file target.txt (compact mmCIF, C-alpha atoms)
# COMPACT_ATOMS: atom_id res chain seq x y z
CA MET Y 51 90.90 71.44 39.87
CA ILE Y 52 88.87 68.38 40.95
CA LYS Y 53 86.73 68.81 44.05
CA LEU Y 54 87.18 65.44 45.70
CA GLY Y 55 84.72 63.70 47.99
CA ILE Y 56 85.87 60.71 50.06
CA THR Y 57 83.49 58.35 51.83
CA GLY Y 58 84.89 56.17 54.57
CA PHE Y 59 87.19 59.14 55.09
CA CYS Y 60 88.60 58.01 58.43
CA GLY Y 61 89.20 54.42 57.35
CA LYS Y 62 92.58 53.10 56.24
CA MET Y 63 91.84 53.54 52.55
CA GLY Y 64 90.15 56.90 52.99
CA GLN Y 65 93.15 58.25 54.86
CA ARG Y 66 95.64 57.04 52.25
CA ILE Y 67 93.53 58.49 49.40
CA TYR Y 68 93.40 61.83 51.18
CA ALA Y 69 97.13 61.77 52.01
CA LEU Y 70 98.14 61.07 48.42
CA SER Y 71 95.72 63.66 47.07
CA LEU Y 72 97.64 66.32 49.00
CA HIS Y 73 100.64 65.71 46.74
CA ASP Y 74 98.72 66.54 43.56
CA LYS Y 75 97.52 70.10 43.04
CA ILE Y 76 94.71 68.91 40.76
CA PHE Y 77 92.74 67.79 43.86
CA SER Y 78 91.05 69.76 46.61
CA LEU Y 79 89.06 68.07 49.37
CA ALA Y 80 85.40 69.09 49.18
CA ALA Y 81 83.64 66.40 51.24
CA ALA Y 82 84.77 63.99 53.97
CA ILE Y 83 82.00 61.56 54.82
CA GLU Y 84 81.91 58.96 57.60
CA ARG Y 85 79.37 56.61 59.13
CA SER Y 86 77.00 57.96 61.75
CA GLY Y 87 78.42 57.76 65.26
CA HIS Y 88 82.06 57.84 64.21
CA PRO Y 89 84.11 59.65 66.89
CA ASP Y 90 85.69 61.99 64.31
CA ILE Y 91 82.36 63.43 63.11
CA GLY Y 92 82.63 67.22 63.41
CA LYS Y 93 86.42 67.29 63.19
CA LYS Y 94 87.86 69.88 60.81
CA ILE Y 95 90.19 68.95 57.95
CA GLY Y 96 91.25 72.37 56.75
CA SER Y 97 88.00 74.05 55.68
CA VAL Y 98 86.12 70.71 55.44
CA THR Y 99 84.21 69.18 58.34
CA ILE Y 100 83.97 65.38 58.62
CA SER Y 101 80.26 64.64 58.35
CA ASP Y 102 77.78 61.77 58.27
CA ASN Y 103 75.45 63.79 56.05
CA ARG Y 104 75.40 62.45 52.49
CA GLU Y 105 74.12 65.83 51.28
CA GLU Y 106 77.83 66.76 51.37
CA ILE Y 107 78.19 64.80 48.12
CA LYS Y 108 76.73 67.78 46.24
CA LYS Y 109 79.91 69.76 47.07
CA CYS Y 110 82.26 67.46 45.15
CA ASP Y 111 82.97 66.80 41.48
CA CYS Y 112 83.92 63.17 42.03
CA LEU Y 113 83.22 60.83 44.94
CA VAL Y 114 85.68 58.07 45.83
CA ASP Y 115 83.89 55.31 47.72
CA PHE Y 116 85.71 52.57 49.66
CA THR Y 117 83.11 51.71 52.27
CA ALA Y 118 80.65 48.85 52.79
CA PRO Y 119 77.95 47.62 50.38
CA ALA Y 120 75.05 49.22 52.27
CA ALA Y 121 76.85 52.57 52.43
CA THR Y 122 77.68 52.44 48.73
CA MET Y 123 74.03 51.77 47.86
CA ALA Y 124 72.99 54.78 49.97
CA ASN Y 125 75.64 56.95 48.30
CA LEU Y 126 74.31 56.08 44.83
CA VAL Y 127 71.03 57.86 45.55
CA TYR Y 128 72.83 61.16 46.18
CA LEU Y 129 75.32 60.68 43.34
CA VAL Y 130 72.46 60.33 40.86
CA GLN Y 131 70.47 63.16 42.44
CA TYR Y 132 73.37 65.59 42.18
CA LYS Y 133 74.82 64.20 38.92
CA LYS Y 134 78.25 63.46 40.36
CA CYS Y 135 80.71 60.94 38.94
CA ALA Y 136 82.10 58.22 41.18
CA VAL Y 137 84.96 55.81 41.72
CA ILE Y 138 83.68 52.76 43.62
CA GLY Y 139 86.18 50.33 45.16
CA THR Y 140 83.83 48.77 47.72
CA THR Y 141 84.02 44.97 47.71
CA GLY Y 142 81.51 42.33 48.76
CA ILE Y 143 78.65 43.87 46.74
CA ASP Y 144 76.09 41.21 45.84
CA PRO Y 145 74.45 40.84 42.38
CA ALA Y 146 71.48 43.00 43.40
CA GLY Y 147 73.85 45.76 44.48
CA GLN Y 148 75.85 45.44 41.29
CA LYS Y 149 72.65 45.89 39.31
CA LYS Y 150 71.93 49.11 41.22
CA ILE Y 151 75.38 50.37 40.26
CA LYS Y 152 74.72 49.48 36.60
CA ASP Y 153 71.38 51.28 36.71
CA ALA Y 154 72.95 54.37 38.29
CA ALA Y 155 75.64 54.35 35.59
CA LYS Y 156 72.93 55.02 32.99
CA LYS Y 157 72.60 58.45 34.60
CA ILE Y 158 76.16 59.27 35.73
CA PRO Y 159 79.72 58.11 34.91
CA ILE Y 160 80.95 55.43 37.35
CA ILE Y 161 84.17 53.46 37.65
CA PHE Y 162 83.53 50.22 39.54
CA SER Y 163 86.44 47.86 40.02
CA PRO Y 164 87.26 45.11 42.53
CA ASN Y 165 90.82 46.38 42.61
CA MET Y 166 92.07 49.89 41.77
CA SER Y 167 95.75 48.95 41.66
CA ILE Y 168 97.43 49.57 38.30
CA GLY Y 169 99.63 46.50 38.90
CA VAL Y 170 96.68 44.23 39.68
CA ASN Y 171 94.87 45.31 36.53
CA VAL Y 172 97.93 44.41 34.46
CA PHE Y 173 97.90 41.12 36.45
CA PHE Y 174 94.28 40.61 35.31
CA LYS Y 175 95.38 41.17 31.71
CA LEU Y 176 98.16 38.58 32.04
CA ILE Y 177 95.68 36.05 33.48
CA GLY Y 178 93.39 36.59 30.50
CA LYS Y 179 96.20 36.11 28.00
CA ALA Y 180 97.44 32.96 29.76
CA SER Y 181 93.91 31.54 29.95
CA GLU Y 182 93.51 31.96 26.19
CA LYS Y 183 96.58 29.83 25.48
CA LEU Y 184 96.50 27.18 28.21
CA ASN Y 185 93.61 25.00 27.08
CA GLY Y 186 93.32 21.82 29.13
CA TYR Y 187 95.20 23.16 32.16
CA SER Y 188 93.66 22.94 35.61
CA VAL Y 189 93.43 26.23 37.50
CA SER Y 190 93.63 27.10 41.19
CA ILE Y 191 93.43 30.50 42.91
CA GLU Y 192 94.65 31.56 46.34
CA GLU Y 193 94.28 34.93 48.07
CA ALA Y 194 95.52 36.20 51.43
CA HIS Y 195 94.54 39.34 53.35
CA HIS Y 196 94.64 40.84 56.83
CA ILE Y 197 92.37 39.47 59.55
CA HIS Y 198 90.10 42.56 59.38
CA LYS Y 199 88.90 41.90 55.82
CA LYS Y 200 85.28 40.81 55.99
CA ASP Y 201 84.56 39.38 52.53
CA ALA Y 202 86.04 36.09 51.34
CA PRO Y 203 86.96 35.30 48.66
CA SER Y 204 88.19 38.79 47.87
CA GLY Y 205 86.67 40.76 45.02
CA THR Y 206 90.01 40.50 43.22
CA ALA Y 207 90.03 36.68 43.48
CA LYS Y 208 86.45 36.54 42.19
CA GLN Y 209 87.49 38.69 39.24
CA MET Y 210 90.42 36.34 38.56
CA ALA Y 211 87.98 33.42 38.47
CA LYS Y 212 85.62 35.33 36.18
CA ILE Y 213 88.44 36.06 33.71
CA VAL Y 214 89.42 32.38 33.61
CA GLN Y 215 85.81 31.25 33.16
CA GLU Y 216 85.32 33.69 30.27
CA LYS Y 217 88.23 31.96 28.51
CA GLU Y 218 86.46 28.59 28.95
CA LEU Y 219 88.81 27.16 31.56
CA SER Y 220 87.27 25.63 34.66
CA VAL Y 221 87.57 27.22 38.10
CA LYS Y 222 84.81 27.56 40.69
CA THR Y 223 84.50 30.52 43.03
CA GLU Y 224 83.87 28.15 45.94
CA ASP Y 225 87.24 26.47 45.25
CA ILE Y 226 89.23 29.68 45.82
CA ARG Y 227 91.44 29.36 48.88
CA SER Y 228 91.14 32.38 51.19
CA ILE Y 229 93.59 33.14 54.00
CA ARG Y 230 93.06 35.77 56.71
CA LYS Y 231 96.24 36.35 58.67
CA GLY Y 232 98.01 39.21 60.43
CA GLU Y 233 98.17 42.46 58.46
CA ILE Y 234 98.67 41.13 54.92
CA VAL Y 235 97.72 43.94 52.53
CA GLY Y 236 96.78 41.62 49.67
CA ASP Y 237 98.38 38.61 47.97
CA HIS Y 238 96.88 36.84 44.95
CA ARG Y 239 98.18 33.76 43.16
CA ILE Y 240 96.85 31.78 40.20
CA VAL Y 241 98.31 28.43 39.19
CA PHE Y 242 97.88 26.78 35.78
CA GLU Y 243 98.85 23.12 35.93
CA SER Y 244 99.19 20.31 33.40
CA ALA Y 245 100.84 16.88 33.41
CA VAL Y 246 104.06 18.42 32.10
CA ASP Y 247 104.39 21.86 33.72
CA THR Y 248 103.12 24.40 36.22
CA ILE Y 249 102.76 28.13 35.60
CA GLU Y 250 102.18 30.60 38.43
CA ILE Y 251 101.30 34.29 38.26
CA PHE Y 252 101.55 36.14 41.57
CA HIS Y 253 100.85 39.66 42.78
CA SER Y 254 101.64 41.01 46.22
CA ALA Y 255 100.56 44.44 47.43
CA LYS Y 256 103.11 45.98 49.79
CA THR Y 257 101.04 48.97 50.91
CA ARG Y 258 97.50 50.31 50.47
CA ASP Y 259 99.00 53.18 48.50
CA ILE Y 260 98.79 51.12 45.30
CA PHE Y 261 95.00 51.09 45.66
CA ALA Y 262 94.80 54.74 46.73
CA SER Y 263 97.02 55.89 43.86
CA GLY Y 264 94.95 53.91 41.37
CA ALA Y 265 91.73 55.37 42.77
CA LEU Y 266 93.05 58.90 42.27
CA THR Y 267 94.15 58.06 38.72
CA ALA Y 268 90.60 56.80 38.14
CA ALA Y 269 89.13 59.98 39.66
CA VAL Y 270 91.06 62.14 37.19
CA TRP Y 271 89.96 59.97 34.26
CA ILE Y 272 86.27 59.79 35.18
CA SER Y 273 86.11 63.51 35.99
CA LYS Y 274 86.93 64.19 32.32
CA LYS Y 275 84.35 61.70 31.06
CA LYS Y 276 81.31 63.35 29.55
CA THR Y 277 79.44 60.14 28.75
CA ASN Y 278 77.41 58.29 31.38
CA GLY Y 279 78.28 54.63 31.75
CA LEU Y 280 79.90 51.91 33.83
CA TYR Y 281 83.66 51.79 33.42
CA SER Y 282 86.50 49.74 34.88
CA MET Y 283 90.19 50.25 35.54
CA HIS Y 284 90.82 48.51 32.21
CA ASP Y 285 89.13 51.50 30.57
CA VAL Y 286 91.22 53.91 32.63
CA LEU Y 287 94.48 52.14 31.73
CA GLY Y 288 93.65 51.29 28.11
CA LEU Y 289 93.85 47.54 28.69
CA ASN Y 290 90.71 46.51 26.79
CA ASP Y 291 92.40 45.78 23.47

call {"tool": "encode", "arguments": {"input": "target.txt", "output": "structure tokens"}}
result
Amino acid sequence: MIKLGITGFCGKMGQRIYALSLHDKIFSLAAAIERSGHPDIGKKIGSVTISDNREEIKKCDCLVDFTAPAATMANLVYLVQYKKCAVIGTTGIDPAGQKKIKDAAKKIPIIFSPNMSIGVNVFFKLIGKASEKLNGYSVSIEEAHHIHKKDAPSGTAKQMAKIVQEKELSVKTEDIRSIRKGEIVGDHRIVFESAVDTIEIFHSAKTRDIFASGALTAAVWISKKKTNGLYSMHDVLGLND
């Protein structure tokens, strides 16, 4: 049994993670954490009370964090203090914040990924393989999300650019086209173009459940990990080779 903590519990992702966890007997909810002032603070979810007190983290085995950068940084302090593993899916974390996550991972096991979807991580793998073979091609990236998404480009699009750059093809983060429209869950497209052909790889998320399901898969994996360190969904899915 994994005692699960969820931060951003009342948000769209938090609610889907909790809902899917109910279908797997390996999970039991141990902590439901929300921002101070949220109207649902004090509400009961079974035997668990929604709280803004990060001390609740000590009750869980694994914390799943889809919040905001400042909240994630605050959570790290308690995760390290209580030696709890974590799955972090928060996007928009700046280099200084990423360093704090790396430092924390020296003391606890952490999975940090810009996208928890199993499909998107296979998508990343395909981009890497294509980038290895398509020397001399120009590259463009486009991403589209709902109007409520605050960071642009998305963390997934930035990761796509990073993969391409590591394979010595040229694409700049500032050249990524970002669209915010309606309630789009998440669309990502990469185009490799030469004088003789065009190759496109496209991923479209239909529901947030792909991210929630991936996060729970990651929670199971990291809960079994005995070695401190910073891991990604590629580690979880065995995509590093």

call {"tool": "atom_distance", "arguments": {"input": "target.txt", "atom1": "CA of Tyr132 (chain Y)", "atom2": "CA of Glu84 (chain Y)"}}
result
18.8 Å

call {"tool": "closest_residue", "arguments": {"input": "target.txt", "among": "Y:Gln209, Y:Ser190, Y:Gln65, Y:Thr277", "to": "Gly142 (chain Y)", "atoms": "all atoms listed in the file"}}
result
Y:Gln209

call {"tool": "residues_around", "arguments": {"input": "target.txt", "residues": "Ser220 (chain Y)", "least_positions_apart": "5", "cutoff": "8 Å", "atoms": "only C-alpha atoms", "output": "PyMOL selection string"}}
result
chain Y and resi 188-189+214-215

call {"tool": "residues_around", "arguments": {"input": "target.txt", "residues": "Ser254 (chain Y)", "least_positions_apart": "3", "cutoff": "7 Å", "atoms": "all atoms listed in the file", "output": "mmCIF file with C-alpha atoms, in the frame of the given file"}}
result
data_model
loop_
_atom_site.group_PDB
_atom_site.id
_atom_site.type_symbol
_atom_site.label_atom_id
_atom_site.label_comp_id
_atom_site.auth_asym_id
_atom_site.auth_seq_id
_atom_site.Cartn_x
_atom_site.Cartn_y
_atom_site.Cartn_z
ATOM 1 C CA GLY Y 236 96.780 41.620 49.670
ATOM 2 C CA ASP Y 237 98.380 38.610 47.970
ATOM 3 C CA HIS Y 238 96.880 36.840 44.950
#

call {"tool": "closest_residue", "arguments": {"input": "target.txt", "among": "Y:Met51, Y:Val172, Y:Thr99, Y:Leu72", "to": "Asn290 (chain Y)", "atoms": "all atoms listed in the file"}}
result
Y:Val172

call {"tool": "closest_atom_pairs", "arguments": {"input": "target.txt", "of": "region 140-236 of chain Y", "to": "region 123-127 of chain Y", "cutoff": "10 Å", "atoms": "only C-alpha atoms", "output": "tab-separated table"}}
result
residue	atom	partner	partner_atom	distance
Y:Ile143	CA	Y:Met123	CA	9.2
Y:Gly147	CA	Y:Met123	CA	6.9
Y:Gln148	CA	Y:Met123	CA	9.3
Y:Lys150	CA	Y:Met123	CA	7.5
Y:Ile151	CA	Y:Leu126	CA	7.4
Y:Asp153	CA	Y:Leu126	CA	9.9
Y:Ala154	CA	Y:Leu126	CA	6.9
Y:Ala155	CA	Y:Leu126	CA	9.5
Y:Ile158	CA	Y:Leu126	CA	9.8

call {"tool": "atom_distance", "arguments": {"input": "target.txt", "atom1": "CA of Met283 (chain Y)", "atom2": "CA of His196 (chain Y)"}}
result
23.7 Å

call {"tool": "residues_near_point", "arguments": {"input": "target.txt", "point": "(93.2, 55.8, 57.0)", "cutoff": "12 Å", "atoms": "all atoms listed in the file", "output": "list in words"}}
result
Ile56, Thr57, Gly58, Phe59, Cys60, Gly61, Lys62, Met63, Gly64, Gln65, Arg66, Ile67, Tyr68, Ala69, Leu70, Glu84, Phe116, Thr117, Arg258, Asp259 and Ala262 of chain Y

call {"tool": "residues_around", "arguments": {"input": "target.txt", "residues": "region 202-207 of chain Y", "least_positions_apart": "4", "cutoff": "8 Å", "atoms": "all atoms listed in the file", "output": "list in words"}}
result
Thr141, Gly142, Pro164, Asn165, Ile191, Glu192, Glu193, Ala211, Thr223, Ile226, Arg227, Ser228 and His238 of chain Y

call {"tool": "residues_around", "arguments": {"input": "target.txt", "residues": "Lys108 (chain Y)", "least_positions_apart": "2", "cutoff": "12 Å", "atoms": "only C-alpha atoms", "output": "ChimeraX atom specification"}}
result
/Y:53-55,80-83,103-106,110-113,125,127-135

call {"tool": "atom_distance", "arguments": {"input": "target.txt", "atom1": "CA of Glu216 (chain Y)", "atom2": "CA of Gly186 (chain Y)"}}
result
14.4 Å

call {"tool": "closest_residue", "arguments": {"input": "target.txt", "among": "Y:Ala121, Y:Ile234, Y:Ile160, Y:Ala255", "to": "Asp102 (chain Y)", "atoms": "all atoms listed in the file"}}
result
Y:Ala121

call {"tool": "closest_residue", "arguments": {"input": "target.txt", "among": "Y:Arg85, Y:Lys75, Y:Lys175, Y:Lys109", "to": "Gly288 (chain Y)", "atoms": "only C-alpha atoms"}}
result
Y:Lys175

call {"tool": "closest_residue", "arguments": {"input": "target.txt", "among": "Y:Val98, Y:Ile229, Y:Leu176, Y:Leu184", "to": "Lys200 (chain Y)", "atoms": "only C-alpha atoms"}}
result
Y:Ile229

call {"tool": "closest_residue", "arguments": {"input": "target.txt", "among": "Y:His73, Y:His284, Y:Lys217, Y:Lys93", "to": "Lys183 (chain Y)", "atoms": "all atoms listed in the file"}}
result
Y:Lys217

call {"tool": "decode", "arguments": {"input": "target.txt", "residues": "region 87-206 of chain Y", "atoms": "C-alpha atoms", "output": "short mmCIF file (atom, residue, chain, number, x, y, z; two decimals), in the first residue's frame"}}
result
data_model
loop_
_atom_site.label_atom_id
_atom_site.label_comp_id
_atom_site.auth_asym_id
_atom_site.auth_seq_id
_atom_site.Cartn_x
_atom_site.Cartn_y
_atom_site.Cartn_z
CA GLY Y 87 -7.39 30.51 1.51
CA HIS Y 88 -8.83 27.88 -0.80
CA PRO Y 89 -12.58 27.51 -0.12
CA ASP Y 90 -12.30 23.72 0.28
CA ILE Y 91 -9.81 23.90 3.17
CA GLY Y 92 -11.28 21.84 6.02
CA LYS Y 93 -13.43 19.67 3.76
CA LYS Y 94 -13.28 15.94 4.48
CA ILE Y 95 -12.30 13.39 1.83
CA GLY Y 96 -13.02 10.15 3.64
CA SER Y 97 -10.75 10.24 6.69
CA VAL Y 98 -8.48 12.94 5.18
CA THR Y 99 -9.03 16.66 5.66
CA ILE Y 100 -8.00 19.08 2.90
CA SER Y 101 -5.35 21.27 4.49
CA ASP Y 102 -2.97 24.12 3.72
CA ASN Y 103 -0.48 22.79 6.29
CA ARG Y 104 2.57 21.27 4.60
CA GLU Y 105 3.27 19.28 7.78
CA GLU Y 106 0.69 16.87 6.31
CA ILE Y 107 3.46 15.68 3.96
CA LYS Y 108 4.88 13.58 6.81
CA LYS Y 109 1.77 11.34 6.60
CA CYS Y 110 2.44 10.15 3.05
CA ASP Y 111 4.93 7.79 1.43
CA CYS Y 112 4.99 9.67 -1.87
CA LEU Y 113 3.92 13.21 -2.73
CA VAL Y 114 2.56 14.02 -6.19
CA ASP Y 115 3.04 17.71 -6.92
CA PHE Y 116 1.29 19.53 -9.78
CA THR Y 117 1.17 23.06 -8.42
CA ALA Y 118 3.09 26.28 -9.08
CA PRO Y 119 6.87 26.83 -8.87
CA ALA Y 120 6.76 28.68 -5.53
CA ALA Y 121 4.58 25.97 -3.98
CA THR Y 122 6.87 23.23 -5.26
CA MET Y 123 9.91 24.96 -3.75
CA ALA Y 124 8.11 25.19 -0.39
CA ASN Y 125 7.12 21.51 -0.60
CA LEU Y 126 10.75 20.46 -1.13
CA VAL Y 127 11.69 21.66 2.36
CA TYR Y 128 9.19 19.28 3.97
CA LEU Y 129 9.93 16.42 1.59
CA VAL Y 130 13.60 16.52 2.56
CA GLN Y 131 12.82 17.01 6.25
CA TYR Y 132 10.56 13.96 6.37
CA LYS Y 133 12.50 11.88 3.80
CA LYS Y 134 9.58 11.41 1.44
CA CYS Y 135 9.87 10.60 -2.26
CA ALA Y 136 8.14 12.83 -4.79
CA VAL Y 137 6.71 13.02 -8.29
CA ILE Y 138 6.94 16.60 -9.54
CA GLY Y 139 4.99 17.64 -12.64
CA THR Y 140 4.96 21.38 -11.99
CA THR Y 141 5.94 23.40 -15.07
CA GLY Y 142 7.44 26.86 -15.41
CA ILE Y 143 10.22 26.21 -12.88
CA ASP Y 144 13.21 28.46 -13.59
CA PRO Y 145 16.87 27.30 -13.54
CA ALA Y 146 17.29 28.32 -9.89
CA GLY Y 147 14.26 26.23 -8.95
CA GLN Y 148 15.51 23.30 -11.00
CA LYS Y 149 18.80 23.46 -9.09
CA LYS Y 150 16.88 23.27 -5.80
CA ILE Y 151 15.15 20.14 -7.06
CA LYS Y 152 18.52 18.62 -8.04
CA ASP Y 153 19.94 19.46 -4.62
CA ALA Y 154 16.93 17.92 -2.86
CA ALA Y 155 17.31 14.79 -4.98
CA LYS Y 156 20.69 14.17 -3.32
CA LYS Y 157 18.70 13.46 -0.15
CA ILE Y 158 15.48 11.86 -1.43
CA PRO Y 159 14.27 10.10 -4.62
CA ILE Y 160 12.49 12.53 -6.99
CA ILE Y 161 10.89 12.12 -10.40
CA PHE Y 162 10.80 15.47 -12.19
CA SER Y 163 9.36 15.57 -15.68
CA PRO Y 164 7.79 18.29 -17.85
CA ASN Y 165 5.21 15.75 -18.98
CA MET Y 166 4.08 12.60 -17.14
CA SER Y 167 2.21 11.12 -20.10
CA ILE Y 168 3.51 7.74 -21.24
CA GLY Y 169 2.61 8.67 -24.84
CA VAL Y 170 4.47 11.99 -24.71
CA ASN Y 171 7.60 10.32 -23.36
CA VAL Y 172 7.54 7.88 -26.28
CA PHE Y 173 7.02 11.00 -28.45
CA PHE Y 174 10.21 12.45 -26.90
CA LYS Y 175 12.05 9.25 -27.78
CA LEU Y 176 10.88 9.45 -31.41
CA ILE Y 177 12.03 13.07 -31.63
CA GLY Y 178 15.47 12.06 -30.38
CA LYS Y 179 15.77 9.24 -32.91
CA ALA Y 180 14.62 11.49 -35.78
CA SER Y 181 17.03 14.25 -34.74
CA GLU Y 182 19.94 11.80 -34.86
CA LYS Y 183 19.23 10.92 -38.50
CA LEU Y 184 18.01 14.19 -40.01
CA ASN Y 185 21.22 16.20 -40.19
CA GLY Y 186 20.79 19.44 -42.11
CA TYR Y 187 17.02 19.66 -41.63
CA SER Y 188 15.44 22.81 -40.24
CA VAL Y 189 13.23 22.31 -37.19
CA SER Y 190 10.12 24.09 -35.94
CA ILE Y 191 7.98 23.42 -32.86
CA GLU Y 192 4.39 24.39 -32.12
CA GLU Y 193 2.36 23.83 -28.96
CA ALA Y 194 -1.25 24.63 -28.09
CA HIS Y 195 -2.99 24.63 -24.70
CA HIS Y 196 -6.07 25.98 -22.94
CA ILE Y 197 -6.32 29.68 -22.15
CA HIS Y 198 -5.71 29.05 -18.42
CA LYS Y 199 -2.15 27.76 -18.87
CA LYS Y 200 0.23 30.38 -17.52
CA ASP Y 201 3.64 29.33 -18.85
CA ALA Y 202 4.58 29.61 -22.51
CA PRO Y 203 6.24 27.84 -24.18
CA SER Y 204 5.08 24.75 -22.34
CA GLY Y 205 7.55 22.62 -20.43
CA THR Y 206 6.94 19.85 -22.97
#
